[in-house]
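Let me begin by presenting the structure, written as C-alpha cells, before commenting on it.
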Amino acid sequence: MCFWFPAPHSVTGEDLAELHLHGGPAVVRGVLAALGELPGLRLALPGEFTKRGFLNGKLDLTQAEGLADLIDAETEQQAALALSQMDGALGQLYESWRGRIVKGLAYTEAVIDFPDEDVPDSAALAIAPDLQSVLSEMKAHLADGHRGEILRNGLSVAILGAPNSGKSSLLNALAKRDIAIVSDIAGTTRDVLEARLNLGGYAVNLADTAGLRETSEAIEQEGIRRAVVRAEAAQLRVLLVDPGTVSRLKDLQTHLQPGDLVVWSKADLNWTPPALADFETMAVSTKTGAGLSTLVTWLADQAARFAGTGNGAVISRARHRESVLEAVETLSRGLSALTSGLDLAAEDLRMAARAIGRITGRVDVEDVLDVVFQDFCIGK
Ligand SMILES: Nc1nc2c(ncn2[C@@H]2O[C@H](COP(=O)(O)OP(=O)(O)O)[C@@H](O)[C@H]2O)c(=O)[nH]1
Ligand SMILES: [Mg+2]
C-alpha cells in the first residue's frame with residue numbers, strides 16, 4: 001500500500017511517498033533493494049526527515065529535540081516532557097522572548113539612526129521595563145532546580161556505606177538483576193556501578209559505590225575517591241548501615257546532605273538501630289525483601305519532588321541552558337548600556353536575541369544542527 005503526501009502538507013514539507021509492507025525482514029529488504037535500483041534514490045541519513053522538516057519550517061529545533069526524546073523515552077514522565085516540548089510550548093516561550101528583545105533592538109537602532117528630532121532619546125528607554133521583565137522571566141526559567149534535565153536524564157542517587165553493609169545487594173534488588181558482585185569479602189566493589197530504573201514513571205540512576213573505609217590498597221583508594229565524588233555530584237545519597245558498621249555512623253554521616261536517607265540494612269538480623277534525628281531512616285532487608293517497597297516509594301517521591309511533572313516549558317538540555325545564560329548576560333549588559341552608550345546597548349541586545357534564536361534554530365544554526373540531528377535513528 002502506498003500513500004502519497006504532496007508538498008507542502010507532508011511532515012517534511014516536500015513530496016513524500018510512504019510504503020506500507022508486510023513486516024517480514026526479507027520483504028522489507030527486497031523492496032529496499034528494488035528501490036535502490038531506481039535512479040536518484042538513496043537511504044535517508046539518521047534524522048534526515050526531521051531535519052528537512054526543520055529546514056522547511058515545519059518545526060523548530062526544540063520540537064525536533066522533543067521528537068528525538070520521545071523516541072528515546074523510557075518512562076512515562078520522560079515521554080510527557082518530550083510531548084510537551086514537541087507541542088511547541090518551549091519554542092513559543094523562547095520565540096516570544098526573542099521577539100521582545102528584537103523590538104527593543106529596533107527601538108534602540110531607531111534612536112541611533114535618527115539622532116535629531118524624529119525619534120527622541122527617551123524612546124530607547126521606553127522599552128527598558130519590558131526588557132527588564134524578559135530578563136526576570138529568563139532568570140526564573142533558569143532557577144528551576146534543573147527539573148527538566150532531571151526528568152530527562154533521570155534523578156541521580158548514590159548508595160553509600162562501609163564495606164559489607166549490603167550496598168551491592170541493594171542495587172541488585174532494586175534493579176531486579178545481578179549487576180554488582182555481592183560477597184562477604186570487604187572491598188569487592190571498586191568501580192561505580194549504575195542501574196537505570198523506572199520508579200513510578202520517573203527515571204532514576206542508582207549508583208553502587210566502593211565501601212568507605214581507611215585502606216592502604218591503591219585501587220581500593222581510587223574506588224573510594226570515586227565513590228565520594230559520585231556521591232557529591234548526585235542529587236540524593238542513601239547511606240547503608242548494618243549491625244557491623246553502625247559504630248561508624250557518625251563518621252559515615254559526614255558524607256550526607258540535608259534531605260538524604262539512612263537505611264538500616266539487614267533488617268532480617270533483628271537488630272536495633274540507634275535513634276537518629278538529622279535524617280529520615282528506614283529498615284530494609286534484601287534477604288527477605290522487607291522494606292524494599294517503602295524504599296522504592298520514597299525514591300519515586302523524591303524524583304517527583306526534584307523533577308515535578310513533564311508539563312509546561314522547562315529546560316531539558318544543557319544546550320538550552322547555555323544559550324539562556326548567555327542571553328541573560330548580554331541582555332543585562334545591554335540594559336545598563338541603554339543609559340550610557342546606545343551603540344553598545346544595541347550590540348548586546350543583538351547578541352541576546354541571537355543566543356535565544358539559536359535554541360529554536362532561528363539564527364546561524366549550522367553548527368547546532370549536527371548536534372541536534374546526530375542522535376536520531378534512521379527513518380525519522
Ligand atoms: N542477612 C543479610 N545479609 C545481607 C543482606 N544484604 C547483604 N547481605 C550480605 O552482606 C554481605 C555484603 O553484601 P554486599 O552487597 O556485597 O555489600 P557491599 O560491600 O556493601 O556491596 C554479603 O555476604 C551479603 O550476602 C541482608 O539484607 N540480610
Ligand atoms: Mg559492593
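A note on labels: chains of the C-alpha cells are A, B, ... as shown, every chain counts residues from 1, and ligands are counted from 1 in their shown order.
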
Can you list every residue in segment 49-197 of chain A that DSSP puts in alpha helix (DSSP H), as a ChimeraX atom specification? /A:49-55,61-72,76-86,89-113,122-126,128-142,147-153,167-175

Return as a ChimeraX atom specification every polymer residue, whether protein, DNA or RNA, with at least one atom no more than 10 Å from an atom of ligand 2; count only C-alpha atoms and all ligand atoms. /A:159-171,180-193,208-211

How would the residues just picked look written out with C-alpha atoms as a short mmCIF file (atom, residue, chain, number, x, y, z; two decimals), in the first residue's frame?
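Output (again.cif):
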```
data_model
loop_
_atom_site.label_atom_id
_atom_site.label_comp_id
_atom_site.auth_asym_id
_atom_site.auth_seq_id
_atom_site.Cartn_x
_atom_site.Cartn_y
_atom_site.Cartn_z
CA ILE A 159 24.31 4.32 47.54
CA LEU A 160 26.99 4.85 50.17
CA GLY A 161 28.23 2.92 53.16
CA ALA A 162 31.02 0.99 54.78
CA PRO A 163 32.22 -2.24 53.13
CA ASN A 164 29.83 -5.17 53.53
CA SER A 165 26.88 -3.03 54.58
CA GLY A 166 24.85 -4.51 51.70
CA LYS A 167 25.14 -1.79 49.01
CA SER A 168 25.63 -4.11 46.04
CA SER A 169 22.84 -6.40 47.27
CA LEU A 170 20.53 -3.39 47.42
CA LEU A 171 21.42 -2.23 43.90
CA ALA A 180 27.10 -5.90 41.08
CA ILE A 181 29.10 -8.73 42.60
CA VAL A 182 27.89 -9.49 46.12
CA SER A 183 30.40 -11.02 48.51
CA ASP A 184 31.34 -11.05 52.17
CA ILE A 185 34.88 -10.04 51.21
CA ALA A 186 35.19 -6.36 52.14
CA GLY A 187 36.25 -4.07 49.30
CA THR A 188 34.74 -6.09 46.43
CA THR A 189 33.15 -3.14 44.63
CA ARG A 190 35.62 -0.58 43.31
CA ASP A 191 34.16 0.97 40.19
CA VAL A 192 30.94 2.96 40.37
CA LEU A 193 28.19 0.69 39.01
CA ASP A 208 26.57 1.45 43.77
CA THR A 209 29.94 2.57 45.09
CA ALA A 210 33.04 1.26 46.84
CA GLY A 211 32.70 0.84 50.60
#
```

DSSP strand (DSSP E or B) selection over segment 24-159 of chain A, as a PyMOL selection string: chain A and resi 155-159

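Distance check against ligand 1 using only C-alpha atoms and all ligand atoms: of A:Ala173, A:Val31, A:Ile150, A:Ala337, the minimum falls on A:Ala173.
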
All residues 12 Å or closer to Met1 of chain A, only C-alpha atoms, same chain fewer than 3 positions away omitted, as a ChimeraX atom specification: /A:4,17-22

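Counting only C-alpha atoms and all ligand atoms and comparing A:Asn153, A:Ser332, A:Asn270, A:Gln253, the residue that lies closest to ligand 1 is A:Asn270.
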
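Using only C-alpha atoms and all ligand atoms, the smallest distance between any of A:Gln78, A:Thr245, A:Ser10, A:Thr286 and ligand 1 comes from A:Thr286.
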